Amino acid sequence: KDILWGRGAMSSPSPAPSVSPAPTVDTNAPTMAPTQPEDVYPEWWITLIAMVFVTGLLFWSLKRVLKAADEKRKRVQKNLKRLKSKIVASDEFYQKYGYSWDWVLVFKVQEANQKPTEYQRHHSVREVVTKLCEAGLHTTMFYSVQQDEVYCKVRAPPERLQAEADRQDYKVPLDAMCLKAICDRGRFESHGWNPVMYTTFASELYPFEGHYAPYDRERAGADDIPYKSYSEGTFRNVDRIKLIQSIMECPRYLNGAGLKLKDLVHKKACLGVYPLHDYLALLTLQHKWLGLFKMPGNQPDEEIKDYFGEKIGLYFVW
């Protein structure tokens, strides 16, 4: 560019850039260790205030939780009382015997153009309900909300349950305190044995707990066979379910209904057969079992066994 403008001869070459010498390192100079920042702690009064605040917050939270648990317990008890009074007022059977319906059979409403099979004709709703009533069971029927299903609830009076338990020698628990009284008193005059002397065993099992005996209707209530009694009588909810199932499946010459429940469902004469929950007993068990501070080792094992049966009771025990 300078040559084209005629300044090539006048311009002087640009000086070369100067290079600074490399710094020298003195290897004999002492090295300095890197300094670390000193730990800075808050004042003691700040720590004290923080601890007091956290403790107060935990105490307040625990107090609120305990208050909420107590309010829930009172609310559940109030609901149980109101529900029980409502059930008793609407069901004379429950008011007299302490229990209500235990089973339900679900039937499908047949359409006009639908042709049932031969098995379905012989096991229609009318036929099944007739057999249940002839077996000594009580029934009640109602439609579903959609009007496409019919529900048939089943229960048995205490006399029918006693007869079935006596027929099959159903095992029922014995009262521990009555057994102890019998052993302490003895029966020398009637049976020829003196009072039974027992020692304290090094075990958690009470000597008179866990004894069962076949049910005998003629000797029920007698002094020699002290059957254990519950709020609903001699038979628990799970006992009634088993006995009613036995009545429904028992042959008719043994005063049963002669129904095969699995065949009813399998051959589509019935949509389903289910045992029913006792809602009041279930809420009572839930209130005892599902507590906020209920530890796994402190579960109501007896109540679980009496409601759900021995198999489920053993599951939660072990």
# chains A, B, ... in the order shown; residues from 1 in each chain; ligands from 1
>>> select_by_dssp(residues="range 223-315 of chain A", states="strand (DSSP E or B)", output="list in words")
Tyr227, Tyr230, Gly233, Gly272, Val273, Tyr274 and Pro275 of chain A
>>> write_last_selection(atoms="N, CA, C and O atoms", output="compact mmCIF listing (two decimals), in the first residue's frame")
# COMPACT_ATOMS: atom_id res chain seq x y z
N TYR A 227 -68.65 -73.17 77.33
CA TYR A 227 -68.29 -72.55 76.07
C TYR A 227 -68.06 -71.05 76.26
O TYR A 227 -68.78 -70.39 77.01
N TYR A 230 -69.33 -64.58 73.38
CA TYR A 230 -68.94 -63.29 72.80
C TYR A 230 -70.15 -62.36 72.81
O TYR A 230 -71.24 -62.72 73.27
N GLY A 233 -72.90 -63.91 70.92
CA GLY A 233 -73.27 -65.26 71.31
C GLY A 233 -72.07 -66.19 71.35
O GLY A 233 -70.91 -65.78 71.49
N GLY A 272 -71.71 -64.26 41.80
CA GLY A 272 -70.73 -64.36 42.88
C GLY A 272 -71.41 -64.71 44.19
O GLY A 272 -72.60 -64.44 44.39
N VAL A 273 -70.61 -65.32 45.08
CA VAL A 273 -71.06 -65.65 46.44
C VAL A 273 -69.97 -65.17 47.38
O VAL A 273 -68.82 -65.61 47.27
N TYR A 274 -70.32 -64.27 48.30
CA TYR A 274 -69.31 -63.64 49.15
C TYR A 274 -69.77 -63.61 50.61
O TYR A 274 -70.96 -63.39 50.89
N PRO A 275 -68.84 -63.81 51.55
CA PRO A 275 -69.16 -63.49 52.95
C PRO A 275 -69.09 -61.98 53.16
O PRO A 275 -68.30 -61.28 52.53
>>> residues_around(residues="Ala69 in chain A", least_positions_apart="2", cutoff="12 Å", atoms="only C-alpha atoms", output="PyMOL selection string")
chain A and resi 62-67+71-76+287+290-294
>>> write_last_selection(atoms="C-alpha atoms", output="short mmCIF file (atom, residue, chain, number, x, y, z; two decimals), in the first residue's frame")
data_model
loop_
_atom_site.label_atom_id
_atom_site.label_comp_id
_atom_site.auth_asym_id
_atom_site.auth_seq_id
_atom_site.Cartn_x
_atom_site.Cartn_y
_atom_site.Cartn_z
CA LEU A 62 -45.79 -33.73 68.92
CA LYS A 63 -48.53 -32.00 70.87
CA ARG A 64 -50.48 -31.32 67.70
CA VAL A 65 -50.13 -34.94 66.57
CA LEU A 66 -51.32 -36.28 69.93
CA LYS A 67 -54.24 -33.88 69.92
CA GLU A 71 -59.76 -36.15 68.40
CA LYS A 72 -59.83 -38.96 65.85
CA ARG A 73 -60.29 -41.55 68.60
CA LYS A 74 -63.22 -39.61 70.06
CA ARG A 75 -64.71 -39.13 66.60
CA VAL A 76 -64.46 -42.85 65.82
CA HIS A 287 -59.83 -48.51 66.05
CA LEU A 290 -54.50 -49.12 63.41
CA GLY A 291 -53.43 -46.76 66.17
CA LEU A 292 -50.94 -44.01 65.51
CA PHE A 293 -48.38 -45.30 68.02
CA LYS A 294 -49.31 -48.99 67.82
#
>>> residues_around(residues="Phe316 in chain A", least_positions_apart="5", cutoff="10 Å", atoms="only C-alpha atoms", output="list in words")
Pro296, Gly297, Gln299, Pro300, Asp301, Ile304, Lys305 and Lys311 of chain A
>>> write_last_selection(atoms="C-alpha atoms", output="compact mmCIF listing (two decimals), in the first residue's frame")
# COMPACT_ATOMS: atom_id res chain seq x y z
CA PRO A 296 -45.89 -54.21 65.52
CA GLY A 297 -45.38 -56.33 68.62
CA GLN A 299 -51.23 -55.94 67.97
CA PRO A 300 -54.70 -57.16 69.07
CA ASP A 301 -54.01 -60.77 68.10
CA ILE A 304 -57.79 -60.34 64.69
CA LYS A 305 -58.24 -64.09 65.14
CA LYS A 311 -55.07 -68.59 59.62
>>> select_by_dssp(residues="range 122-289 of chain A", states="alpha helix (DSSP H)", output="PyMOL selection string")
chain A and resi 122+125-134+158-167+176-185+237-249+261-266+279-289
>>> atom_distance(atom1="CA of Thr130 in chain A", atom2="CA of Ser246 in chain A")
16.9 Å
>>> residues_around(residues="Ala269 in chain A", least_positions_apart="4", cutoff="7 Å", atoms="only C-alpha atoms", output="VMD selection string")
chain A and resid 120 123 to 124 264 to 265
>>> write_last_selection(atoms="N, CA, C and O atoms", output="CSV table (one decimal), in the first residue's frame")
chain,number,residue,atom,x,y,z
A,120,GLN,N,-78.9,-73.5,34.6
A,120,GLN,CA,-79.4,-72.2,35.0
A,120,GLN,C,-80.9,-72.2,35.3
A,120,GLN,O,-81.4,-71.5,36.2
A,123,HIS,N,-81.4,-73.8,38.6
A,123,HIS,CA,-80.8,-73.0,39.7
A,123,HIS,C,-81.1,-71.5,39.4
A,123,HIS,O,-80.2,-70.7,39.5
A,124,SER,N,-82.3,-71.2,39.2
A,124,SER,CA,-82.8,-69.8,39.1
A,124,SER,C,-82.8,-69.2,40.4
A,124,SER,O,-82.6,-69.8,41.5
A,264,LEU,N,-72.3,-72.9,41.0
A,264,LEU,CA,-73.2,-71.8,40.7
A,264,LEU,C,-72.5,-70.6,40.0
A,264,LEU,O,-73.0,-70.1,39.0
A,265,VAL,N,-71.3,-70.4,40.4
A,265,VAL,CA,-70.5,-69.3,39.8
A,265,VAL,C,-69.9,-69.8,38.5
A,265,VAL,O,-69.9,-69.0,37.5
>>> closest_atom_pairs(of="range 186-305 of chain A", to="range 95-105 of chain A", cutoff="12 Å", atoms="only C-alpha atoms", output="Markdown table")
| residue | atom | partner | partner_atom | distance |
| --- | --- | --- | --- | --- |
| A:Tyr230 | CA | A:Gly98 | CA | 9.6 |
| A:Ser231 | CA | A:Gly98 | CA | 6.7 |
| A:Glu232 | CA | A:Gly98 | CA | 4.6 |
| A:Gly233 | CA | A:Tyr97 | CA | 7.4 |
| A:Thr234 | CA | A:Tyr97 | CA | 10.8 |
| A:Phe235 | CA | A:Tyr99 | CA | 10.3 |
| A:Arg236 | CA | A:Tyr99 | CA | 9.4 |
| A:Asn237 | CA | A:Asp102 | CA | 7.8 |
| A:Val238 | CA | A:Asp102 | CA | 9.2 |
| A:Asp239 | CA | A:Asp102 | CA | 10.3 |
| A:Arg240 | CA | A:Asp102 | CA | 7.3 |
| A:Ile241 | CA | A:Asp102 | CA | 6.2 |
| A:Lys242 | CA | A:Asp102 | CA | 9.9 |
| A:Leu243 | CA | A:Asp102 | CA | 10.4 |
| A:Ile244 | CA | A:Trp103 | CA | 8.0 |
| A:Gln245 | CA | A:Trp103 | CA | 8.5 |
| A:Ile247 | CA | A:Trp103 | CA | 11.8 |
| A:Met248 | CA | A:Trp103 | CA | 10.4 |
| A:Leu259 | CA | A:Leu105 | CA | 11.9 |
| A:Leu261 | CA | A:Leu105 | CA | 9.5 |
| A:Lys262 | CA | A:Leu105 | CA | 11.8 |
| A:Leu264 | CA | A:Leu105 | CA | 9.9 |
| A:Val265 | CA | A:Leu105 | CA | 9.8 |
| A:Ala269 | CA | A:Leu105 | CA | 10.5 |
| A:Cys270 | CA | A:Leu105 | CA | 7.2 |
| A:Leu271 | CA | A:Leu105 | CA | 7.7 |
| A:Gly272 | CA | A:Leu105 | CA | 5.9 |
| A:Val273 | CA | A:Leu105 | CA | 4.6 |
| A:Tyr274 | CA | A:Val104 | CA | 5.5 |
| A:Pro275 | CA | A:Trp103 | CA | 4.3 |
| A:Leu276 | CA | A:Asp102 | CA | 5.0 |
| A:His277 | CA | A:Asp102 | CA | 7.2 |
| A:Asp278 | CA | A:Asp102 | CA | 7.7 |
| A:Tyr279 | CA | A:Ser100 | CA | 10.2 |
| A:Leu280 | CA | A:Tyr99 | CA | 9.7 |
| A:Ala281 | CA | A:Tyr99 | CA | 9.6 |
>>> atom_distance(atom1="CA of Ala135 in chain A", atom2="CA of Tyr94 in chain A")
20.7 Å
>>> atom_distance(atom1="CA of Gln77 in chain A", atom2="CA of Ser61 in chain A")
24.5 Å
>>> closest_residue(among="A:Trp289, A:Tyr198, A:Phe107, A:Trp318", to="Val128 in chain A", atoms="only C-alpha atoms")
A:Phe107
>>> residues_around(residues="Asp166 in chain A", least_positions_apart="5", cutoff="7 Å", atoms="only C-alpha atoms", output="list of chain:residue names")
A:Tyr215, A:Asp216, A:Arg217
